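Enquirer: Coordinates in entry01.txt, compact mmCIF, C-alpha atoms, are listed below.
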```
# COMPACT_ATOMS: atom_id res chain seq x y z
CA MET A 1 50.62 -49.93 -26.06
CA THR A 2 52.77 -53.07 -26.21
CA TRP A 3 51.28 -56.55 -25.91
CA LEU A 4 52.83 -56.95 -22.45
CA THR A 5 51.36 -53.69 -21.15
CA ASN A 6 47.99 -54.66 -22.60
CA LEU A 7 48.14 -58.08 -20.93
CA LYS A 8 49.10 -56.64 -17.55
CA GLU A 9 46.44 -53.92 -17.62
CA THR A 10 43.69 -56.32 -18.68
CA TYR A 11 44.64 -58.73 -15.91
CA THR A 12 45.13 -56.07 -13.21
CA THR A 13 41.71 -54.55 -13.83
CA LYS A 14 40.16 -58.04 -13.59
CA GLU A 15 38.44 -57.57 -16.94
CA LYS A 16 39.36 -61.00 -18.30
CA SER A 17 40.89 -64.24 -17.08
CA VAL A 18 41.31 -65.94 -20.47
CA PHE A 19 43.70 -64.37 -22.98
CA LEU A 20 44.35 -65.22 -26.62
CA LEU A 21 47.82 -64.01 -27.63
CA HIS A 22 48.44 -63.98 -31.37
CA GLY A 23 50.90 -62.52 -33.86
CA ASN A 24 54.64 -62.76 -33.25
CA THR A 25 54.34 -65.81 -30.98
CA ASP A 26 56.82 -67.97 -32.90
CA ASP A 27 59.66 -65.66 -31.87
CA ILE A 28 62.31 -66.02 -29.16
CA TYR A 29 62.31 -63.71 -26.14
CA GLU A 30 65.11 -62.69 -23.80
CA THR A 31 64.80 -63.45 -20.07
CA GLU A 32 66.30 -61.40 -17.26
CA ASN A 33 69.23 -63.83 -17.28
CA ASP A 34 69.98 -62.93 -20.91
CA ILE A 35 68.77 -66.33 -22.16
CA ASP A 36 66.65 -66.66 -25.31
CA VAL A 37 63.58 -68.87 -24.85
CA GLU A 38 60.44 -69.72 -26.79
CA PHE A 39 57.35 -67.60 -26.18
CA ASP A 40 55.51 -70.08 -23.96
CA ASP A 41 58.60 -70.53 -21.76
CA TYR A 42 59.03 -66.75 -21.59
CA LEU A 43 55.49 -66.43 -20.26
CA ALA A 44 56.06 -69.21 -17.71
CA GLN A 45 59.47 -68.05 -16.50
CA GLU A 46 59.18 -64.26 -16.71
CA ILE A 47 55.61 -62.99 -16.96
CA PHE A 48 54.13 -65.51 -14.50
CA SER A 49 57.27 -66.00 -12.41
CA LYS A 50 55.43 -65.09 -9.19
CA ARG A 51 52.60 -67.57 -9.70
CA ASP A 52 52.60 -70.55 -7.34
CA ILE A 53 51.68 -72.97 -10.13
CA VAL A 54 52.42 -72.69 -13.85
CA LEU A 55 51.30 -75.39 -16.31
CA ASN A 56 52.17 -75.56 -20.00
CA PHE A 57 50.13 -77.61 -22.44
CA ASN A 58 50.26 -78.23 -26.15
CA ILE A 59 48.84 -81.06 -28.14
CA GLY A 60 52.28 -82.26 -29.26
CA THR A 61 54.25 -82.46 -25.99
CA GLY A 62 51.32 -82.77 -23.62
CA LEU A 63 51.24 -81.31 -20.11
CA GLN A 64 54.45 -79.85 -18.67
CA PHE A 65 55.29 -78.01 -15.46
CA ARG A 66 57.42 -74.95 -14.80
CA ASP A 67 58.94 -76.46 -11.65
CA ARG A 68 58.75 -79.36 -9.19
CA SER A 69 56.20 -77.56 -6.99
CA SER A 70 53.75 -77.17 -9.89
CA LYS A 71 54.14 -80.85 -10.76
CA GLU A 72 53.61 -81.99 -7.15
CA HIS A 73 50.42 -79.93 -6.86
CA PHE A 74 49.04 -81.57 -9.99
CA GLN A 75 50.09 -85.06 -8.88
CA LYS A 76 48.05 -84.64 -5.70
CA LEU A 77 44.98 -84.15 -7.90
CA LEU A 78 45.83 -87.24 -9.96
CA THR A 79 46.26 -89.39 -6.85
CA GLY A 80 42.81 -88.43 -5.59
CA TYR A 81 41.22 -88.73 -9.03
CA ASP A 82 42.66 -92.21 -9.56
CA ALA A 83 41.37 -93.34 -6.17
CA LEU A 84 37.91 -91.92 -6.88
CA LYS A 85 37.49 -92.94 -10.52
CA GLY A 86 39.67 -96.04 -10.73
CA THR A 87 41.92 -94.50 -13.38
CA THR A 88 45.73 -94.77 -13.62
CA TYR A 89 46.54 -91.19 -14.59
CA MET A 90 49.46 -91.00 -12.12
CA GLU A 91 51.21 -93.56 -14.31
CA ARG A 92 50.12 -92.15 -17.66
CA LEU A 93 48.05 -89.08 -18.47
CA PRO A 94 45.10 -89.52 -20.87
CA SER A 95 45.83 -89.00 -24.55
CA SER A 96 42.50 -87.27 -25.15
CA SER A 97 42.64 -83.46 -25.03
CA GLY A 98 39.07 -83.45 -23.78
CA GLU A 99 40.01 -85.63 -20.79
CA ILE A 100 43.12 -83.55 -20.09
CA PHE A 101 40.95 -80.44 -19.96
CA ARG A 102 38.55 -82.21 -17.60
CA LEU A 103 41.50 -82.76 -15.23
CA LEU A 104 42.71 -79.17 -15.67
CA ASP A 105 39.22 -77.86 -14.92
CA ARG A 106 39.04 -79.95 -11.74
CA PHE A 107 42.54 -78.79 -10.73
CA ILE A 108 41.66 -75.12 -11.18
CA LYS A 109 38.37 -75.46 -9.29
CA ILE A 110 40.02 -77.25 -6.34
CA ASN A 111 42.87 -74.74 -6.04
CA GLN A 112 41.12 -71.44 -6.78
CA GLY A 113 41.41 -69.11 -3.83
CA LYS A 114 44.25 -71.19 -2.36
CA THR A 115 47.07 -70.81 -4.89
CA SER A 116 47.83 -68.58 -7.87
CA ILE A 117 47.75 -70.43 -11.20
CA ALA A 118 48.76 -69.76 -14.80
CA LEU A 119 47.80 -72.22 -17.54
CA ILE A 120 49.60 -71.63 -20.84
CA ILE A 121 48.20 -73.41 -23.91
CA ASP A 122 50.44 -73.28 -26.99
CA HIS A 123 49.38 -74.01 -30.59
CA ALA A 124 45.77 -73.30 -29.69
CA GLU A 125 44.78 -73.53 -33.35
CA LEU A 126 45.33 -77.31 -33.19
CA LEU A 127 43.07 -77.63 -30.14
CA LEU A 128 40.40 -75.28 -31.45
CA PRO A 129 40.30 -75.79 -35.24
CA ILE A 130 38.04 -73.91 -37.62
CA GLU A 131 35.13 -76.32 -37.97
CA GLU A 132 31.39 -76.14 -37.69
CA LEU A 133 30.23 -77.30 -34.27
CA ASN A 134 28.65 -80.44 -35.70
CA GLN A 135 31.98 -81.32 -37.36
CA LEU A 136 34.06 -81.11 -34.18
CA SER A 137 35.10 -84.30 -32.42
CA LEU A 138 33.79 -84.97 -28.93
CA GLY A 139 37.23 -84.13 -27.49
CA ASP A 140 37.35 -80.79 -29.37
CA LYS A 141 33.87 -79.94 -28.11
CA LYS A 142 34.93 -80.63 -24.52
CA VAL A 143 37.94 -78.33 -24.93
CA LEU A 144 35.80 -75.60 -26.45
CA VAL A 145 33.10 -75.80 -23.78
CA THR A 146 35.68 -75.82 -20.97
CA LEU A 147 37.39 -72.69 -22.31
CA VAL A 148 34.10 -70.82 -22.71
CA GLU A 149 33.12 -71.77 -19.14
CA TRP A 150 36.50 -70.61 -17.80
CA ALA A 151 36.07 -67.26 -19.55
CA THR A 152 32.75 -66.60 -17.78
CA ASP A 153 33.62 -68.12 -14.39
CA LYS A 154 33.49 -65.33 -11.78
CA GLU A 155 35.50 -67.38 -9.27
CA ILE A 156 38.37 -67.73 -11.74
CA LEU A 157 38.16 -64.01 -12.55
CA SER A 158 38.21 -62.93 -8.91
CA ASN A 159 41.15 -65.18 -7.99
CA ASP A 160 44.74 -65.11 -9.19
CA ILE A 161 44.17 -67.45 -12.14
CA SER A 162 45.06 -66.81 -15.80
CA ILE A 163 44.50 -69.01 -18.84
CA VAL A 164 46.61 -68.00 -21.85
CA LEU A 165 46.04 -69.34 -25.37
CA ILE A 166 48.85 -68.89 -27.88
CA ALA A 167 48.36 -68.89 -31.66
CA SER A 168 50.26 -67.18 -34.44
CA ASN A 169 47.15 -66.55 -36.49
CA LEU A 170 43.63 -65.63 -35.35
CA ALA A 171 42.15 -66.83 -38.62
CA GLU A 172 43.13 -70.41 -37.71
CA ILE A 173 41.19 -70.39 -34.42
CA ASN A 174 37.59 -71.51 -34.03
CA PRO A 175 35.29 -68.46 -34.32
CA GLN A 176 33.51 -69.50 -31.11
CA VAL A 177 36.72 -68.47 -29.34
CA VAL A 178 37.80 -65.53 -31.50
CA GLY A 179 34.35 -63.95 -31.34
CA ASN A 180 33.87 -64.55 -27.61
CA PRO A 181 33.68 -61.14 -25.84
CA ASP A 182 34.84 -62.71 -22.56
CA ILE A 183 38.20 -63.72 -24.05
CA ALA A 184 40.81 -60.97 -24.46
CA LYS A 185 42.51 -60.95 -27.87
CA ILE A 186 45.99 -59.38 -27.69
CA GLU A 187 48.34 -59.06 -30.66
CA VAL A 188 52.02 -59.67 -29.98
CA GLU A 189 53.88 -57.19 -32.14
CA PHE A 190 57.13 -57.68 -34.08
CA PRO A 191 60.23 -55.97 -32.65
CA ASP A 192 60.50 -52.27 -33.43
CA GLU A 193 63.77 -50.60 -34.47
CA ILE A 194 64.96 -50.18 -30.87
CA LYS A 195 64.45 -53.87 -30.11
CA ARG A 196 65.99 -54.89 -33.43
CA LYS A 197 69.06 -52.79 -32.65
CA LYS A 198 69.35 -54.45 -29.23
CA ALA A 199 69.14 -57.88 -30.89
CA VAL A 200 71.74 -56.90 -33.50
CA LYS A 201 74.12 -55.75 -30.74
CA LYS A 202 73.69 -59.03 -28.87
CA PHE A 203 74.04 -61.46 -31.77
CA ILE A 204 76.75 -59.62 -33.69
CA HIS A 205 79.02 -60.02 -30.65
CA ALA A 206 77.78 -63.49 -29.67
CA TYR A 207 78.68 -64.91 -33.09
CA ASN A 208 81.76 -62.76 -33.74
CA VAL A 209 80.41 -61.18 -36.93
CA LYS A 210 82.24 -58.29 -38.57
CA ALA A 211 80.07 -55.85 -40.53
CA ASN A 212 80.82 -52.87 -42.75
CA LEU A 213 77.51 -51.31 -41.61
CA THR A 214 76.68 -49.72 -38.28
CA GLN A 215 74.40 -51.63 -35.93
CA LYS A 216 71.80 -48.87 -36.33
CA ALA A 217 71.91 -49.21 -40.13
CA ILE A 218 71.52 -52.99 -39.89
CA ALA A 219 68.54 -52.58 -37.55
CA LYS A 220 66.86 -50.30 -40.10
CA LEU A 221 67.55 -52.59 -43.03
CA ILE A 222 66.17 -55.73 -41.37
CA ARG A 223 62.72 -54.27 -40.74
CA GLY A 224 60.17 -57.08 -40.83
CA LEU A 225 62.39 -59.71 -39.17
CA ASN A 226 61.77 -60.99 -35.65
CA ARG A 227 64.47 -61.88 -33.09
CA LYS A 228 64.53 -65.52 -34.14
CA SER A 229 65.25 -64.57 -37.76
CA ILE A 230 67.83 -61.97 -36.69
CA LYS A 231 69.63 -64.63 -34.65
CA GLU A 232 69.48 -67.03 -37.60
CA MET A 233 70.91 -64.33 -39.88
CA PHE A 234 73.97 -63.73 -37.69
CA LEU A 235 74.47 -67.49 -37.26
CA MET A 236 74.89 -67.71 -41.04
CA PHE A 237 77.87 -65.33 -40.81
CA ARG A 238 79.41 -66.71 -37.61
CA ASP A 239 83.14 -65.79 -37.37
CA GLY A 240 82.79 -64.09 -40.74
CA SER A 241 81.90 -60.75 -42.31
CA LEU A 242 78.51 -59.30 -43.19
CA GLU A 243 78.21 -56.87 -46.09
CA TYR A 244 75.22 -55.00 -47.49
CA SER A 245 74.85 -57.37 -50.45
CA HIS A 246 74.82 -60.36 -48.09
CA LEU A 247 72.29 -58.67 -45.83
CA SER A 248 69.90 -58.05 -48.71
CA GLN A 249 70.05 -61.69 -49.87
CA VAL A 250 69.61 -63.13 -46.37
CA LYS A 251 66.73 -60.78 -45.56
CA LYS A 252 64.95 -61.90 -48.74
CA LYS A 253 65.46 -65.56 -47.82
CA LEU A 254 64.25 -65.17 -44.23
CA ILE A 255 61.21 -63.03 -45.09
CA GLU A 256 60.06 -65.47 -47.77
CA LYS A 257 60.55 -68.36 -45.36
CA ASP A 258 58.53 -66.59 -42.62
CA SER A 259 55.73 -66.02 -45.14
CA PHE A 260 55.57 -69.77 -45.90
CA GLN A 261 56.64 -68.86 -49.45
CA PHE A 262 53.40 -66.96 -50.08
CA ILE A 263 55.34 -63.91 -51.21
CA GLU A 264 58.42 -62.99 -53.23
CA PHE A 265 60.50 -60.19 -51.71
CA ILE A 266 62.41 -57.92 -54.13
CA GLU A 267 64.74 -55.00 -53.42
CA SER A 268 64.11 -53.10 -56.65
CA THR A 269 67.02 -51.33 -58.36
CA LYS A 270 64.86 -50.16 -61.28
CA SER A 271 63.44 -46.69 -61.95
CA PHE A 272 61.15 -45.11 -64.56
CA ASP A 273 64.26 -44.47 -66.67
CA ASP A 274 64.34 -48.23 -67.27
CA PHE A 275 60.77 -48.37 -68.59
CA ALA A 276 59.88 -47.68 -72.21
CA GLY A 277 56.35 -47.02 -73.43
CA SER A 278 52.98 -46.07 -71.86
CA PRO A 279 54.04 -42.43 -71.33
CA LYS A 280 50.73 -41.37 -69.76
CA VAL A 281 50.83 -44.19 -67.22
CA VAL A 282 54.45 -43.44 -66.37
CA LYS A 283 53.70 -39.71 -65.98
CA ARG A 284 50.84 -40.48 -63.58
CA LEU A 285 53.04 -42.72 -61.48
CA LYS A 286 55.90 -40.21 -61.54
CA ASP A 287 53.56 -37.50 -60.27
CA ASP A 288 52.36 -39.78 -57.49
CA ALA A 289 55.95 -40.69 -56.62
CA ILE A 290 56.70 -37.00 -56.13
CA LEU A 291 53.64 -36.63 -53.88
CA LEU A 292 54.72 -39.66 -51.87
CA LYS A 293 58.24 -38.32 -51.37
CA LYS A 294 56.73 -35.05 -50.12
CA GLY A 295 54.57 -36.97 -47.66
CA LYS A 296 51.28 -35.96 -49.31
CA ILE A 297 49.68 -39.38 -48.83
CA ASP A 298 46.11 -38.00 -48.81
CA ALA A 299 46.48 -36.90 -52.42
CA MET A 300 47.31 -40.41 -53.59
CA PRO A 301 45.06 -43.36 -54.42
CA MET A 302 44.98 -46.43 -52.18
CA GLY A 303 46.26 -48.53 -55.06
CA TYR A 304 46.40 -49.01 -58.82
CA LEU A 305 44.67 -51.44 -61.13
CA VAL A 306 47.03 -51.86 -64.08
CA CYS A 307 45.46 -53.55 -67.09
CA GLY A 308 47.01 -54.76 -70.30
CA PRO A 309 47.87 -57.80 -72.42
CA VAL A 310 50.39 -60.40 -71.32
CA GLY A 311 53.97 -59.22 -71.80
CA SER A 312 53.21 -55.48 -71.80
CA GLY A 313 55.38 -54.81 -68.73
CA LYS A 314 52.79 -54.39 -65.98
CA SER A 315 54.80 -56.16 -63.30
CA TYR A 316 58.01 -54.49 -64.43
CA LEU A 317 56.31 -51.12 -64.15
CA GLY A 318 55.47 -51.91 -60.52
CA GLU A 319 59.12 -52.71 -59.80
CA CYS A 320 60.17 -49.45 -61.45
CA PHE A 321 57.69 -47.52 -59.28
CA ALA A 322 59.07 -49.18 -56.14
CA GLY A 323 62.65 -48.38 -57.15
CA GLU A 324 61.64 -44.77 -57.89
CA ILE A 325 60.24 -44.25 -54.37
CA GLY A 326 62.94 -46.34 -52.67
CA THR A 327 60.87 -49.16 -51.18
CA PRO A 328 60.98 -52.95 -51.62
CA VAL A 329 58.47 -54.92 -53.67
CA VAL A 330 56.40 -57.79 -52.33
CA LYS A 331 54.89 -60.03 -55.01
CA LEU A 332 51.98 -62.15 -53.83
CA LYS A 333 52.08 -65.80 -54.82
CA ASN A 334 49.14 -68.20 -54.78
CA PHE A 335 47.90 -68.31 -51.19
CA ARG A 336 44.44 -69.71 -51.88
CA SER A 337 43.59 -73.18 -50.58
CA LYS A 338 40.78 -75.69 -51.02
CA TRP A 339 40.58 -76.25 -47.24
CA VAL A 340 38.01 -74.36 -45.18
CA GLY A 341 39.52 -71.28 -43.56
CA SER A 342 43.01 -71.84 -44.97
CA SER A 343 42.87 -69.05 -47.56
CA GLU A 344 41.75 -66.56 -44.88
CA ALA A 345 44.50 -67.76 -42.53
CA ASN A 346 47.14 -67.44 -45.26
CA TRP A 347 45.90 -63.96 -46.11
CA GLU A 348 46.14 -62.88 -42.46
CA LYS A 349 49.76 -64.11 -42.33
CA ILE A 350 50.55 -62.05 -45.42
CA LEU A 351 48.87 -58.93 -44.05
CA LYS A 352 50.81 -59.13 -40.78
CA LEU A 353 54.07 -59.50 -42.67
CA LEU A 354 53.24 -56.55 -44.94
CA LYS A 355 52.43 -54.43 -41.91
CA ASN A 356 55.85 -55.15 -40.44
CA LEU A 357 57.65 -54.56 -43.74
CA ALA A 358 55.94 -51.22 -44.43
CA PRO A 359 56.62 -49.05 -46.36
CA VAL A 360 56.46 -51.54 -49.22
CA VAL A 361 54.92 -51.83 -52.68
CA VAL A 362 52.59 -54.81 -52.96
CA LEU A 363 52.31 -56.29 -56.42
CA VAL A 364 49.45 -58.71 -57.13
CA ASP A 365 50.28 -60.21 -60.50
CA GLU A 366 47.43 -61.80 -62.48
CA ALA A 367 45.04 -60.43 -59.84
CA ASP A 368 41.98 -61.87 -61.56
CA ALA A 369 43.34 -65.40 -61.01
CA ALA A 370 45.01 -64.79 -57.65
CA LEU A 371 42.11 -63.10 -55.86
CA GLY A 372 39.18 -64.81 -57.52
CA ASP A 373 35.75 -63.23 -58.01
CA ARG A 374 34.56 -63.30 -54.34
```
Have the structure of the file written as C-alpha cells, please.
Expert:
Amino acid sequence: MTWLTNLKETYTTKEKSVFLLHGNTDDIYETENDIDVEFDDYLAQEIFSKRDIVLNFNIGTGLQFRDRSSKEHFQKLLTGYDALKGTTYMERLPSSSGEIFRLLDRFIKINQGKTSIALIIDHAELLLPIEELNQLSLGDKKVLVTLVEWATDKEILSNDISIVLIASNLAEINPQVVGNPDIAKIEVEFPDEIKRKKAVKKFIHAYNVKANLTQKAIAKLIRGLNRKSIKEMFLMFRDGSLEYSHLSQVKKKLIEKDSFQFIEFIESTKSFDDFAGSPKVVKRLKDDAILLKKGKIDAMPMGYLVCGPVGSGKSYLGECFAGEIGTPVVKLKNFRSKWVGSSEANWEKILKLLKNLAPVVVLVDEADAALGDR
C-alpha cells in the first residue's frame, strides 16, 4: 500500500483526522499539470484540491494560503478577533507559534461543519522538538496541547477537516505525538523502479541529456535516489552526455549528500581473488556468497562480527565480499551526537537510506567505537 492510498483510506473511514507523514517528504512531486512542486505544495494543490480552505504553516515562512478564498476566510477571523481582543493581527500575525495555533484552533472550531479545511504543517520537528515536557517552552506546550486536542476532537473527525504534519524523520518528533494512538503515522516511500523510470524519461528529455544506457538501466542503477536527486543528476549533465562511469560517481555524491555525510557509498570492484590470507574466513564467506546467489537467505547469518588487529584487512575483506556478490558497500561514519535524541534521529535516517539502497553490504568499521556499549 502506497502512502497516498493509506492516507485516503484512513481519512475515508474517518479513523483519524490528524496525520503525521514522514519519510521521503523532502522530495519533489509531479502535479497533474506536469509541474514539480515541494511536498507540502503537492498536498495543498493535488491531494486537497477539493477542500474549500487550505492553509500551510511552517515555523520559517509562517502561515500561507493556497488561494485568495482561503486567505479571505482567515482574514474574517482576524477582523473579529482584533475587534474582540484589541489585537492587530490583521496587520501582522503573532510571531509566537503558540498564539498562531490558538488562532488556527479558533478558525477550525468556527468553520467546522460549514467548510472543508486542510491544515498542512511542514517541518513539524521544529514545532514539536524532542524535549521533556518540563523543558518545553510555553509556546511549544500550547502547540502540543492543541494538536493532541485536535486528534481527539469528535467534531473535527466527523467533519471534512484534516490536519497534516510533515517531518522527514519520526525520531526528531516529540514522543507525545509519535506515540499518540489518535494520530496516524504514515511513511512516504521513496520512488520504486517504475517511478524512477518515469522520472528518468522526463528529465533526460527536459535537459537534453544523451546517455549510452537505456532509461530502464539507468532507473535500476539509481536505486536509492528520490525524484529531487534524479532531477539534480540530469541537471549536472544538461546538454551533455551521461556514461556509466559518470552515473556511478554522481550517485555516490548524491547518496552521501542525502545521508548528511553519515555514510560512505562504494561500488566495489574487488573480489576474494584480491584478498590474501585468512583462508578459513574467506572460505566461509565464499560459501555464504554462493548461498546468497542461489537465494538461500535462510541459511545465512544476519551479519558477521569480524575481529582482528588494526591493519589486518577487515574492511577490505568486506569490500571483497560485496564485490563477490555484486552489491554496493555502505560504510557507516560517526553518526553519534551529544544532543538528546540526535543519535537516534541520525540512525533512523541511515536505516531508511539503507532500506532504499537494498541489497547492500553495510560495513561498520571500528564498531566498538562507532556503536558504543549501550
Enquirer: Give me the residues within 12 Å of range 194-203 of chain A as a count of residues only, counting only C-alpha atoms and dropping any in the same chain fewer than 5 places off.
Expert: 38
Enquirer: Quick check, in Å to one decimal: how far apart do CA of Phe19 in chain A and CA of Leu351 in chain A lie?
Expert: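 Interatomic distance here is 22.4 Å.
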Enquirer: Quick one: residues within 8 Å of Lys270 in chain A, all atoms listed in the file counted, chain neighbours fewer than 5 positions away excluded, as a list in words?
Expert: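 Once the nearby chain positions are removed, what remains is Glu319, Cys320, Phe321, Ala322, Gly323 and Glu324 of chain A.
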Enquirer: Enclose all atoms of range 157-162 of chain A listed in the file in an axis-aligned box, grow every side by 8 Å, and hand back centre and edge lengths in Å to one decimal, as lines of an AutoDock Vina configuration file.
Expert:
```
center_x = 41.6
center_y = -65.2
center_z = -11.9
size_x = 22.9
size_y = 20.5
size_z = 23.8
```
Enquirer: Got a sec: who's within 12 Å of Asp258 in chain A, counting all atoms listed in the file, leaving out chain neighbours fewer than 5 positions off, as a tab-separated table (two decimals) with C-alpha atoms, in the coordinates of the input?
Expert:
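Dumped everything to selection.tsv:
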```
chain	number	residue	atom	x	y	z
A	24	ASN	CA	54.64	-62.76	-33.25
A	26	ASP	CA	56.82	-67.97	-32.90
A	27	ASP	CA	59.66	-65.66	-31.87
A	168	SER	CA	50.26	-67.18	-34.44
A	224	GLY	CA	60.17	-57.08	-40.83
A	225	LEU	CA	62.39	-59.71	-39.17
A	226	ASN	CA	61.77	-60.99	-35.65
A	228	LYS	CA	64.53	-65.52	-34.14
A	229	SER	CA	65.25	-64.57	-37.76
A	230	ILE	CA	67.83	-61.97	-36.69
A	251	LYS	CA	66.73	-60.78	-45.56
A	252	LYS	CA	64.95	-61.90	-48.74
A	253	LYS	CA	65.46	-65.56	-47.82
A	263	ILE	CA	55.34	-63.91	-51.21
A	264	GLU	CA	58.42	-62.99	-53.23
A	265	PHE	CA	60.50	-60.19	-51.71
A	346	ASN	CA	47.14	-67.44	-45.26
A	349	LYS	CA	49.76	-64.11	-42.33
A	350	ILE	CA	50.55	-62.05	-45.42
A	352	LYS	CA	50.81	-59.13	-40.78
A	353	LEU	CA	54.07	-59.50	-42.67
A	354	LEU	CA	53.24	-56.55	-44.94
A	356	ASN	CA	55.85	-55.15	-40.44
```
Enquirer: Within 7 Å of range 117-125 of chain A, counting only C-alpha atoms, which residues show up once you throw out same-chain ones fewer than 6 positions away? Write them as a list in words, please.
Expert: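 The filter keeps Asp40, Phe48, Arg51, Asp52, Ile53, Val54, Leu55, Asn56, Phe57, Asn58, Asp160, Ile161, Ser162, Ile163, Val164, Leu165, Ile166, Ala167, Glu172 and Ile173 of chain A.
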Enquirer: Place a sphere of radius 12 Å on (55.0, -55.3, -63.5) in the file coordinates and name every protein, DNA or RNA residue with an atom inside or on its surface, counting only C-alpha atoms; give the answer as number ranges by chain.
Expert: A: 268, 270, 272, 275, 304-322, 329-331, 361-367
Enquirer: Please check which residues have atoms at most 12 Å from (39.5, -62.9, -37.9) in the file's coordinates, counting all atoms listed in the file, and write them as an MDAnalysis selection string.
Expert: chainID A and resid 22 130 169:180 185 341:349 351
Enquirer: What does the distance from CA of Leu133 in chain A to CA of Phe101 in chain A come to in Å, to one decimal?
Expert: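 Computing the Euclidean distance for CA of Leu133 in chain A and CA of Phe101 in chain A yields 18.2 Å.
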